[in-house]
$ cat data.csv   # CSV, C-alpha atoms
chain,number,residue,atom,x,y,z
Y,17,MET,CA,0.0,0.0,0.0
Y,18,LYS,CA,1.5,3.3,-1.0
Y,19,MET,CA,1.3,6.1,1.6
Y,20,LEU,CA,2.5,9.7,1.6
Y,21,ILE,CA,4.6,9.4,4.8
Y,22,ASN,CA,8.2,9.2,5.9
Y,23,VAL,CA,8.1,6.4,8.5
Y,24,PRO,CA,5.0,5.2,10.5
Y,25,GLU,CA,6.6,6.3,13.8
Y,26,THR,CA,6.6,10.0,12.9
Y,27,VAL,CA,3.3,10.3,11.1
Y,28,VAL,CA,1.5,12.3,13.8
Y,29,ALA,CA,4.5,14.6,14.6
Y,30,ASP,CA,5.0,15.3,10.9
Y,31,ALA,CA,1.3,16.2,10.4
Y,32,LEU,CA,1.4,18.5,13.4
Y,33,ARG,CA,4.5,20.3,12.1
Y,34,GLY,CA,2.7,20.7,8.8
Y,35,MET,CA,-0.4,22.0,10.5
Y,36,ALA,CA,1.7,24.6,12.4
Y,37,ALA,CA,3.2,25.8,9.2
Y,38,ALA,CA,-0.2,26.2,7.5
Y,39,HIS,CA,-2.1,27.7,10.4
Y,40,PRO,CA,-0.2,30.4,12.3
Y,41,GLU,CA,-3.4,31.3,14.1
Y,42,LEU,CA,-2.9,28.1,16.1
Y,43,ASN,CA,-0.2,27.2,18.7
Y,44,VAL,CA,0.8,23.7,17.9
Y,45,ASP,CA,2.9,22.0,20.5
Y,46,VAL,CA,4.4,19.1,18.5
Y,47,ASP,CA,6.3,17.5,21.4
Y,48,ASN,CA,3.4,17.5,23.8
Y,49,ARG,CA,0.7,16.9,21.2
Y,50,VAL,CA,-1.6,19.8,22.0
Y,51,VAL,CA,-3.2,22.2,19.5
Y,52,VAL,CA,-4.5,25.5,21.0
Y,53,ARG,CA,-6.1,28.6,19.5
Y,54,ARG,CA,-3.5,31.4,19.7
Y,55,ASP,CA,-5.6,33.8,21.7
Y,56,ALA,CA,-6.4,31.3,24.5
Y,57,PRO,CA,-7.3,31.8,27.3
Y,58,VAL,CA,-10.0,34.2,26.4
Y,59,ALA,CA,-11.1,36.2,29.4
Y,60,GLY,CA,-14.5,35.1,30.8
Y,61,LYS,CA,-14.9,32.4,28.3
Y,62,VAL,CA,-15.4,28.6,28.9
Y,63,GLY,CA,-12.6,26.6,27.3
Y,64,LEU,CA,-13.6,23.6,25.1
Y,65,VAL,CA,-11.1,20.7,24.9
Y,66,SER,CA,-11.6,17.6,22.8
Y,67,GLY,CA,-9.3,15.0,21.3
Y,68,GLY,CA,-8.8,11.4,20.3
Y,69,GLY,CA,-6.7,9.2,18.1
Y,70,SER,CA,-5.2,10.7,15.0
Y,71,GLY,CA,-6.5,9.4,11.6
Y,72,HIS,CA,-10.0,11.1,11.8
Y,73,GLU,CA,-8.9,14.4,10.4
Y,74,PRO,CA,-10.0,17.2,10.4
Y,75,LEU,CA,-11.4,15.9,13.8
Y,76,HIS,CA,-10.2,17.3,16.2
Y,77,GLY,CA,-7.4,19.7,15.5
Y,78,GLY,CA,-9.1,21.1,12.4
Y,79,PHE,CA,-11.9,22.4,14.6
Y,80,VAL,CA,-9.8,24.5,16.9
Y,81,GLY,CA,-10.6,28.2,16.7
Y,82,PRO,CA,-13.1,31.0,17.4
Y,83,GLY,CA,-16.6,29.5,17.7
Y,84,MET,CA,-15.5,25.9,18.2
Y,85,LEU,CA,-12.8,24.2,20.2
Y,86,SER,CA,-10.2,26.0,22.3
Y,87,ALA,CA,-7.8,23.1,22.2
Y,88,ALA,CA,-7.4,19.6,20.8
Y,89,CYS,CA,-5.3,16.6,21.9
Y,90,PRO,CA,-4.2,14.3,19.1
Y,91,GLY,CA,-3.2,10.7,20.1
Y,92,GLU,CA,-1.3,8.3,18.0
Y,93,VAL,CA,-3.3,6.8,15.1
Y,94,PHE,CA,-6.5,5.3,16.4
Y,95,THR,CA,-5.2,5.6,20.0
Y,96,SER,CA,-6.5,7.8,22.8
Y,97,PRO,CA,-4.4,10.8,23.9
Y,98,VAL,CA,-2.9,10.5,27.4
Y,99,PRO,CA,-4.2,12.4,30.4
Y,100,ASP,CA,-1.1,14.7,30.5
Y,101,GLN,CA,-2.1,16.1,27.1
Y,102,MET,CA,-5.6,16.9,28.3
Y,103,VAL,CA,-4.4,18.5,31.6
Y,104,ARG,CA,-1.9,20.6,29.6
Y,105,ALA,CA,-4.7,21.7,27.2
Y,106,ALA,CA,-7.1,22.5,30.0
Y,107,ALA,CA,-4.5,24.7,31.7
Y,108,ALA,CA,-3.7,26.5,28.5
Y,109,VAL,CA,-7.3,27.5,27.8
Y,110,ASP,CA,-8.8,28.0,31.3
Y,111,SER,CA,-9.6,31.7,31.9
Y,112,GLY,CA,-11.2,30.9,35.3
Y,113,ALA,CA,-14.6,30.2,33.7
Y,114,GLY,CA,-14.0,26.5,33.5
Y,115,VAL,CA,-13.3,23.9,30.8
Y,116,LEU,CA,-15.6,21.5,29.0
Y,117,PHE,CA,-14.2,18.1,27.9
Y,118,ILE,CA,-16.0,16.7,24.8
Y,119,VAL,CA,-15.3,13.0,24.7
Y,120,LYS,CA,-16.2,10.4,22.1
Y,121,ASN,CA,-17.5,7.1,23.7
Y,122,TYR,CA,-14.5,4.9,23.2
Y,123,THR,CA,-13.1,3.1,26.3
Y,124,GLY,CA,-9.6,4.6,26.2
Y,125,ASP,CA,-10.8,8.2,25.6
Y,126,VAL,CA,-13.3,7.9,28.4
Y,127,LEU,CA,-10.8,6.6,30.9
Y,128,ASN,CA,-8.1,9.1,30.0
Y,129,PHE,CA,-10.4,12.1,30.0
Y,130,ASP,CA,-11.9,11.0,33.4
Y,131,MET,CA,-8.4,10.8,34.8
Y,132,ALA,CA,-7.4,14.1,33.3
Y,133,ALA,CA,-10.6,15.8,34.8
Y,134,GLU,CA,-9.5,14.7,38.2
Y,135,LEU,CA,-6.0,15.9,37.8
Y,136,ALA,CA,-7.2,19.3,36.3
Y,137,GLU,CA,-9.7,19.8,39.2
Y,138,ASP,CA,-6.9,19.1,41.7
Y,139,GLU,CA,-5.1,22.0,40.0
Y,140,GLY,CA,-8.1,24.3,40.5
Y,141,VAL,CA,-9.7,24.0,37.0
Y,142,GLN,CA,-13.5,23.5,37.0
Y,143,ILE,CA,-14.3,20.7,34.5
Y,144,GLY,CA,-17.5,19.8,32.7
Y,145,LYS,CA,-17.9,16.8,30.4
Y,146,VAL,CA,-20.1,15.8,27.4
Y,147,LEU,CA,-19.9,12.1,26.3
Y,148,VAL,CA,-20.8,11.7,22.6
Y,149,ASN,CA,-22.5,8.4,21.8
Y,150,ASP,CA,-24.6,8.9,18.7
Y,151,ASP,CA,-23.9,5.8,16.6
Y,152,VAL,CA,-27.1,3.7,16.2
Y,153,ALA,CA,-25.4,0.9,14.3
Y,154,VAL,CA,-24.3,-1.3,17.3
Y,155,THR,CA,-24.6,-1.1,21.0
Y,156,ASP,CA,-21.2,-2.4,21.9
Y,157,SER,CA,-18.0,-2.7,19.8
Y,158,LEU,CA,-14.4,-3.7,19.9
Y,159,PHE,CA,-13.6,-0.2,21.3
Y,160,THR,CA,-16.4,0.7,23.5
Y,161,ALA,CA,-19.2,-0.1,25.9
Y,162,GLY,CA,-22.4,1.4,24.7
Y,163,ARG,CA,-22.9,3.4,21.5
Y,164,ARG,CA,-19.9,4.8,19.7
Y,165,GLY,CA,-19.2,8.5,19.3
Y,166,THR,CA,-19.0,9.5,15.7
Y,167,GLY,CA,-20.4,12.4,13.5
Y,168,ALA,CA,-22.3,14.1,16.3
Y,169,THR,CA,-19.0,15.1,17.8
Y,170,LEU,CA,-18.9,17.9,15.2
Y,171,PHE,CA,-22.4,19.1,16.1
Y,172,VAL,CA,-21.5,19.2,19.8
Y,173,GLU,CA,-18.2,21.0,19.3
Y,174,LYS,CA,-19.8,23.6,17.0
Y,175,MET,CA,-22.9,24.4,19.0
Y,176,ALA,CA,-21.3,24.2,22.5
Y,177,GLY,CA,-18.4,26.2,21.0
Y,178,ALA,CA,-20.8,28.9,19.9
Y,179,ALA,CA,-22.4,29.0,23.3
Y,180,ALA,CA,-19.0,29.4,24.9
Y,181,GLU,CA,-18.1,32.2,22.5
Y,182,GLU,CA,-21.2,34.1,23.6
Y,183,GLY,CA,-19.9,34.0,27.2
Y,184,GLN,CA,-22.4,31.5,28.5
Y,185,PRO,CA,-21.3,29.8,31.8
Y,186,LEU,CA,-19.9,26.3,32.0
Y,187,GLU,CA,-23.1,24.7,33.3
Y,188,ARG,CA,-25.0,26.1,30.3
Y,189,VAL,CA,-22.4,25.2,27.7
Y,190,GLU,CA,-22.3,21.6,29.1
Y,191,ALA,CA,-26.1,21.4,29.1
Y,192,ILE,CA,-26.2,22.5,25.4
Y,193,GLY,CA,-23.5,20.0,24.5
Y,194,ARG,CA,-25.5,17.2,26.1
Y,195,ARG,CA,-28.7,18.3,24.5
Y,196,VAL,CA,-27.0,18.3,21.1
Y,197,ASN,CA,-25.7,14.8,21.7
Y,198,GLY,CA,-29.1,13.5,22.8
Y,199,SER,CA,-30.7,15.0,19.7
Y,200,SER,CA,-28.2,13.4,17.3
Y,201,ARG,CA,-27.9,10.0,15.7
Y,202,SER,CA,-25.4,8.5,13.1
Y,203,PHE,CA,-24.9,5.5,10.9
Y,204,GLY,CA,-21.8,4.7,8.8
Y,205,VAL,CA,-21.0,2.5,5.8
Y,206,ALA,CA,-17.7,1.2,4.6
Y,207,LEU,CA,-17.0,0.4,1.0
Y,208,SER,CA,-13.3,-0.5,1.7
Y,209,ALA,CA,-11.1,-1.4,4.6
Y,210,VAL,CA,-8.9,1.1,6.4
Y,211,THR,CA,-5.1,1.0,6.2
Y,212,THR,CA,-3.1,2.3,9.2
Y,213,PRO,CA,0.5,3.5,8.7
Y,214,ALA,CA,1.9,1.0,11.2
Y,215,LYS,CA,0.3,-2.0,9.4
Y,216,GLY,CA,0.6,-0.7,5.8
Y,217,SER,CA,-2.2,-2.9,4.6
Y,218,PRO,CA,-5.9,-3.2,5.2
Y,219,THR,CA,-6.8,-3.9,8.8
Y,220,PHE,CA,-9.7,-6.1,7.9
Y,221,ASP,CA,-10.9,-8.1,4.9
Y,222,LEU,CA,-13.7,-6.6,2.9
Y,223,PRO,CA,-13.8,-8.5,-0.4
Y,224,PRO,CA,-14.5,-6.7,-3.7
Y,225,GLY,CA,-18.2,-6.3,-4.4
Y,226,GLU,CA,-19.1,-6.2,-0.7
Y,227,LEU,CA,-19.8,-3.4,1.9
Y,228,GLU,CA,-20.1,-3.2,5.7
Y,229,LEU,CA,-23.3,-1.5,7.0
Y,230,GLY,CA,-22.8,0.2,10.4
Y,231,ILE,CA,-19.0,0.4,10.4
Y,232,GLY,CA,-17.2,2.3,13.1
Y,233,ILE,CA,-14.6,5.0,12.5
Y,234,HIS,CA,-11.8,2.6,13.4
Y,235,GLY,CA,-13.0,-0.1,11.1
Y,236,GLU,CA,-15.0,-1.9,13.8
Y,237,PRO,CA,-17.6,-4.3,12.4
Y,238,GLY,CA,-21.2,-3.0,11.8
Y,239,ARG,CA,-24.6,-4.6,11.7
Y,240,GLU,CA,-24.0,-6.8,8.6
Y,241,ARG,CA,-22.1,-7.3,5.4
Y,242,ARG,CA,-23.8,-7.3,2.1
Y,243,ALA,CA,-23.2,-7.3,-1.6
Y,244,MET,CA,-22.5,-3.8,-3.0
Y,245,MET,CA,-25.6,-1.6,-3.0
Y,246,THR,CA,-26.4,1.5,-5.0
Y,247,SER,CA,-26.3,5.0,-3.4
Y,248,HIS,CA,-30.1,4.9,-3.5
Y,249,GLU,CA,-30.2,1.7,-1.5
Y,250,ILE,CA,-27.5,2.7,1.0
Y,251,ALA,CA,-29.4,5.9,1.7
Y,252,ASP,CA,-32.6,4.0,2.3
Y,253,PHE,CA,-30.9,1.7,4.8
Y,254,ALA,CA,-28.7,4.3,6.6
Y,255,VAL,CA,-31.2,7.2,6.9
Y,256,ASN,CA,-34.0,5.0,8.0
Y,257,ALA,CA,-31.8,3.4,10.6
Y,258,VAL,CA,-31.1,6.9,12.0
Y,259,LEU,CA,-34.7,8.1,11.8
Y,260,ASP,CA,-36.1,4.9,13.4
Y,261,ASP,CA,-34.0,5.6,16.4
Y,262,LEU,CA,-34.0,9.4,16.5
Y,263,ARG,CA,-37.7,9.9,15.6
Y,264,PRO,CA,-37.4,13.6,15.1
Y,265,SER,CA,-40.5,15.8,15.6
Y,266,GLY,CA,-38.9,18.9,14.1
Y,267,PRO,CA,-36.3,20.0,11.6
Y,268,VAL,CA,-32.8,18.5,11.5
Y,269,ILE,CA,-29.3,19.4,10.5
Y,270,ALA,CA,-27.9,16.8,8.2
Y,271,LEU,CA,-24.2,15.9,8.0
Y,272,VAL,CA,-23.3,13.7,5.0
Y,273,ASN,CA,-19.7,12.7,5.9
Y,274,GLY,CA,-17.0,11.0,3.9
Y,275,MET,CA,-14.8,8.5,5.7
Y,276,GLY,CA,-11.6,9.7,3.9
Y,277,GLY,CA,-11.5,7.9,0.6
Y,278,THR,CA,-14.7,8.8,-1.1
Y,279,PRO,CA,-14.7,11.7,-3.6
Y,280,LEU,CA,-17.0,14.7,-3.2
Y,281,LEU,CA,-18.6,13.8,-6.5
Y,282,GLU,CA,-20.0,10.7,-4.9
Y,283,LEU,CA,-20.8,12.3,-1.5
Y,284,TYR,CA,-22.9,15.0,-3.2
Y,285,GLY,CA,-24.7,12.3,-5.2
Y,286,PHE,CA,-25.3,10.4,-2.0
Y,287,ASN,CA,-26.6,13.6,-0.3
Y,288,ALA,CA,-29.2,13.8,-3.0
Y,289,GLU,CA,-30.4,10.3,-2.0
Y,290,VAL,CA,-30.3,11.2,1.7
Y,291,GLN,CA,-32.4,14.3,1.0
Y,292,ARG,CA,-34.8,12.1,-0.9
Y,293,VAL,CA,-35.3,9.7,2.0
Y,294,LEU,CA,-35.8,12.6,4.5
Y,295,GLY,CA,-38.4,14.1,2.2
Y,296,GLU,CA,-40.2,10.8,1.9
Y,297,ARG,CA,-40.3,10.5,5.7
Y,298,GLY,CA,-41.6,14.0,6.0
Y,299,VAL,CA,-38.5,15.4,7.8
Y,300,ALA,CA,-37.7,19.0,7.3
Y,301,VAL,CA,-34.0,19.8,6.7
Y,302,ALA,CA,-32.8,23.1,8.2
Y,303,ARG,CA,-29.1,22.9,7.1
Y,304,THR,CA,-26.9,20.4,5.3
Y,305,LEU,CA,-23.1,19.9,5.5
Y,306,VAL,CA,-21.3,17.6,3.0
Y,307,GLY,CA,-17.7,16.6,3.1
Y,308,ASN,CA,-14.9,14.8,4.9
Y,309,TYR,CA,-15.1,15.8,8.6
Y,310,VAL,CA,-14.9,12.7,10.7
Y,311,THR,CA,-12.8,10.3,8.7
Y,312,SER,CA,-11.1,7.0,9.0
Y,313,LEU,CA,-7.8,7.5,7.2
Y,314,ASP,CA,-8.2,6.1,3.6
Y,315,MET,CA,-11.5,4.2,4.1
Y,316,ALA,CA,-14.0,4.6,1.3
Y,317,GLY,CA,-17.5,5.1,2.7
Y,318,CYS,CA,-19.8,7.5,4.3
Y,319,SER,CA,-21.8,8.3,7.3
Y,320,VAL,CA,-25.1,10.2,7.9
Y,321,THR,CA,-25.6,12.2,11.1
Y,322,LEU,CA,-28.9,14.0,11.9
Y,323,CYS,CA,-29.4,16.4,14.7
Y,324,GLN,CA,-32.9,17.6,15.6
Y,325,VAL,CA,-32.7,21.4,16.2
Y,326,ASP,CA,-34.9,24.1,17.7
Y,327,GLU,CA,-34.5,27.8,17.3
Y,328,GLU,CA,-31.7,28.0,19.9
Y,329,LEU,CA,-29.6,25.2,18.5
Y,330,LEU,CA,-30.0,26.4,14.9
Y,331,ARG,CA,-28.8,29.9,16.0
Y,332,LEU,CA,-25.8,28.3,17.6
Y,333,TRP,CA,-25.1,26.3,14.5
Y,334,ASP,CA,-25.3,29.4,12.3
Y,335,ALA,CA,-23.1,31.4,14.7
Y,336,PRO,CA,-19.7,32.5,13.3
Y,337,VAL,CA,-16.9,30.0,13.3
Y,338,GLU,CA,-13.3,30.2,12.1
Y,339,THR,CA,-11.3,27.0,12.2
Y,340,ALA,CA,-9.0,25.2,9.7
Y,341,ALA,CA,-11.8,22.9,8.5
Y,342,LEU,CA,-15.0,24.8,9.3
Y,343,ARG,CA,-15.6,28.5,8.8
Y,344,TRP,CA,-18.4,30.8,8.1
Y,345,GLY,CA,-19.9,34.1,9.2
Y,346,ARG,CA,-16.7,35.9,10.3
$ encode --input "data.csv" --output "structure tokens"
Amino acid sequence: MKMLINVPETVVADALRGMAAAHPELNVDVDNRVVVRRDAPVAGKVGLVSGGGSGHEPLHGGFVGPGMLSAACPGEVFTSPVPDQMVRAAAAVDSGAGVLFIVKNYTGDVLNFDMAAELAEDEGVQIGKVLVNDDVAVTDSLFTAGRRGTGATLFVEKMAGAAAEEGQPLERVEAIGRRVNGSSRSFGVALSAVTTPAKGSPTFDLPPGELELGIGIHGEPGRERRAMMTSHEIADFAVNAVLDDLRPSGPVIALVNGMGGTPLLELYGFNAEVQRVLGERGVAVARTLVGNYVTSLDMAGCSVTLCQVDEELLRLWDAPVETAALRWGR
């Protein structure tokens, strides 16, 4: 498998050096693996810290900036960051108003963020936490107890980030993040296996002509494997799986997300099918975002995330944001 890297051992550090060169508005600590918005801490503002294994770019470092995260902690590929990273990030962004940890529901992330919260609180930093567990495909997986955290992470980071930017207190920012997570559901599909730099070959066997329905962002198995389906058929399966669980009673924001190896041409075509299913089910779509936002290295595939919104959440979604991977309104 050909990969645009030097050696597997330096993939994350090399990426962080490149990020620092491209984005002078960020403070990128390559040695300690922390990405911080340059103006942090902002007086009177709640800090937002998230993180996880590398390989899901632009999640999370690409979402650091005004209107979204204050800092991100990248781990090794598909490996949780360590508590020291999170404590360092919390200290860097705490203005005295507290820090919110946004954690995807994977066992390593949960354990390490919990430990970091205790350490940070021992140092006088008030910590809140939102656990993202939006994936409806499976209840338990190789990486987690309970539902996995996937595309709703972007929704939580964006809307909680907007609330923090407004100067809302930690308790309120945390409540908004939890409400966004509770209002969101996701379902992913793999058309190919994922290749990690360390292995250099696909991490699981997905024969030509087959796909995996309900895949996780690390390549965890989903609900079932089937012969290749059309975009029309995949949208029927994925969107209905989300809607049958979410059962929205109001408008939604739709995220049609690529897993890293699917061209935008195909993602926009898939979005047309997603919108068709939503229309057939009578679900109003307030906003749509299409692109590669929560990826799995080179995996071909897609995911659908829907978040039911009210007037407040839609206002927070539309609020200005300026990060490497998401920006509007500024």
$ closest_residue --input "data.csv" --among "Y:Lys174, Y:Arg33, Y:Arg242, Y:His234" --to "Y:His76" --atoms "only C-alpha atoms"
Y:Lys174
$ atom_distance --input "data.csv" --atom1 "atom CA of Y:Val310" --atom2 "atom CA of Y:Gly144"
23.3 Å
$ closest_residue --input "data.csv" --among "Y:Val98, Y:Leu207, Y:Ala37, Y:Val80" --to "Y:Ala340" --atoms "only C-alpha atoms"
Y:Val80
$ closest_residue --input "data.csv" --among "Y:Glu173, Y:Glu137, Y:Asp261, Y:Asp110" --to "Y:Ala153" --atoms "all atoms listed in the file"
Y:Asp261
$ residues_around --input "data.csv" --residues "Y:Arg104" --least-positions-apart "5" --cutoff "10 Å" --atoms "only C-alpha atoms" --output "list in words"
Asn48, Arg49, Val50, Ala87, Cys89, Pro99, Val109, Ala132 and Ala136 of chain Y
$ closest_residue --input "data.csv" --among "Y:Ile21, Y:Val154, Y:Met175, Y:Leu116" --to "Y:Glu187" --atoms "all atoms listed in the file"
Y:Leu116
$ build_atoms --input "data.csv" --residues "stretch 17-27 of chain Y" --atoms "all heavy atoms" --output "compact mmCIF listing (two decimals), in the coordinates of the input"
# COMPACT_ATOMS: atom_id res chain seq x y z
N MET Y 17 0.85 -1.19 0.00
CA MET Y 17 0.00 0.00 0.00
C MET Y 17 0.88 1.24 0.00
O MET Y 17 1.74 1.42 0.87
CB MET Y 17 -0.91 0.00 1.25
CG MET Y 17 -1.85 1.17 1.32
SD MET Y 17 -3.18 1.04 0.10
CE MET Y 17 -4.06 2.55 0.40
N LYS Y 18 0.71 2.12 -0.97
CA LYS Y 18 1.50 3.30 -1.00
C LYS Y 18 0.90 4.40 -0.11
O LYS Y 18 -0.31 4.64 -0.11
CB LYS Y 18 1.51 3.88 -2.48
CG LYS Y 18 2.20 2.94 -3.47
CD LYS Y 18 2.12 3.49 -4.88
CE LYS Y 18 2.80 2.55 -5.87
NZ LYS Y 18 2.70 3.05 -7.26
N MET Y 19 1.78 5.05 0.68
CA MET Y 19 1.30 6.10 1.60
C MET Y 19 2.28 7.26 1.55
O MET Y 19 3.49 7.08 1.40
CB MET Y 19 1.26 5.53 3.04
CG MET Y 19 0.45 4.26 3.19
SD MET Y 19 0.35 3.66 4.88
CE MET Y 19 -0.92 4.75 5.52
N LEU Y 20 1.75 8.46 1.67
CA LEU Y 20 2.50 9.70 1.60
C LEU Y 20 3.08 10.03 2.97
O LEU Y 20 2.64 10.98 3.62
CB LEU Y 20 1.67 10.83 1.04
CG LEU Y 20 2.38 12.15 0.70
CD1 LEU Y 20 3.40 11.94 -0.40
CD2 LEU Y 20 1.35 13.20 0.30
N ILE Y 21 4.04 9.22 3.44
CA ILE Y 21 4.60 9.40 4.80
C ILE Y 21 6.13 9.19 4.68
O ILE Y 21 6.65 8.73 3.65
CB ILE Y 21 4.02 8.43 5.79
CG1 ILE Y 21 4.38 6.97 5.44
CG2 ILE Y 21 2.51 8.60 5.88
CD1 ILE Y 21 3.98 5.96 6.49
N ASN Y 22 6.82 9.55 5.77
CA ASN Y 22 8.20 9.20 5.90
C ASN Y 22 8.34 7.81 6.51
O ASN Y 22 8.61 6.84 5.82
CB ASN Y 22 8.95 10.25 6.74
CG ASN Y 22 9.04 11.58 6.03
OD1 ASN Y 22 9.33 11.64 4.83
ND2 ASN Y 22 8.78 12.67 6.74
N VAL Y 23 8.10 7.73 7.82
CA VAL Y 23 8.10 6.40 8.50
C VAL Y 23 6.83 6.45 9.42
O VAL Y 23 6.41 7.50 9.89
CB VAL Y 23 9.34 6.18 9.33
CG1 VAL Y 23 10.54 6.02 8.41
CG2 VAL Y 23 9.58 7.29 10.35
N PRO Y 24 6.25 5.29 9.69
CA PRO Y 24 5.00 5.20 10.50
C PRO Y 24 5.21 5.90 11.87
O PRO Y 24 4.27 6.50 12.40
CB PRO Y 24 4.75 3.74 10.64
CG PRO Y 24 5.36 3.13 9.42
CD PRO Y 24 6.60 3.94 9.15
N GLU Y 25 6.41 5.81 12.44
CA GLU Y 25 6.60 6.30 13.80
C GLU Y 25 6.47 7.82 13.93
O GLU Y 25 6.24 8.34 15.03
CB GLU Y 25 8.00 5.88 14.30
CG GLU Y 25 8.17 4.39 14.52
CD GLU Y 25 8.37 3.61 13.21
OE1 GLU Y 25 8.62 4.26 12.16
OE2 GLU Y 25 8.26 2.37 13.23
N THR Y 26 6.63 8.57 12.83
CA THR Y 26 6.60 10.00 12.90
C THR Y 26 5.39 10.64 12.22
O THR Y 26 5.34 11.86 12.04
CB THR Y 26 7.88 10.63 12.32
OG1 THR Y 26 7.92 10.37 10.90
CG2 THR Y 26 9.13 10.08 12.98
N VAL Y 27 4.39 9.83 11.86
CA VAL Y 27 3.30 10.30 11.10
C VAL Y 27 2.55 11.48 11.81
O VAL Y 27 2.26 12.53 11.22
CB VAL Y 27 2.27 9.19 10.79
CG1 VAL Y 27 0.93 9.73 10.32
CG2 VAL Y 27 2.84 8.27 9.72
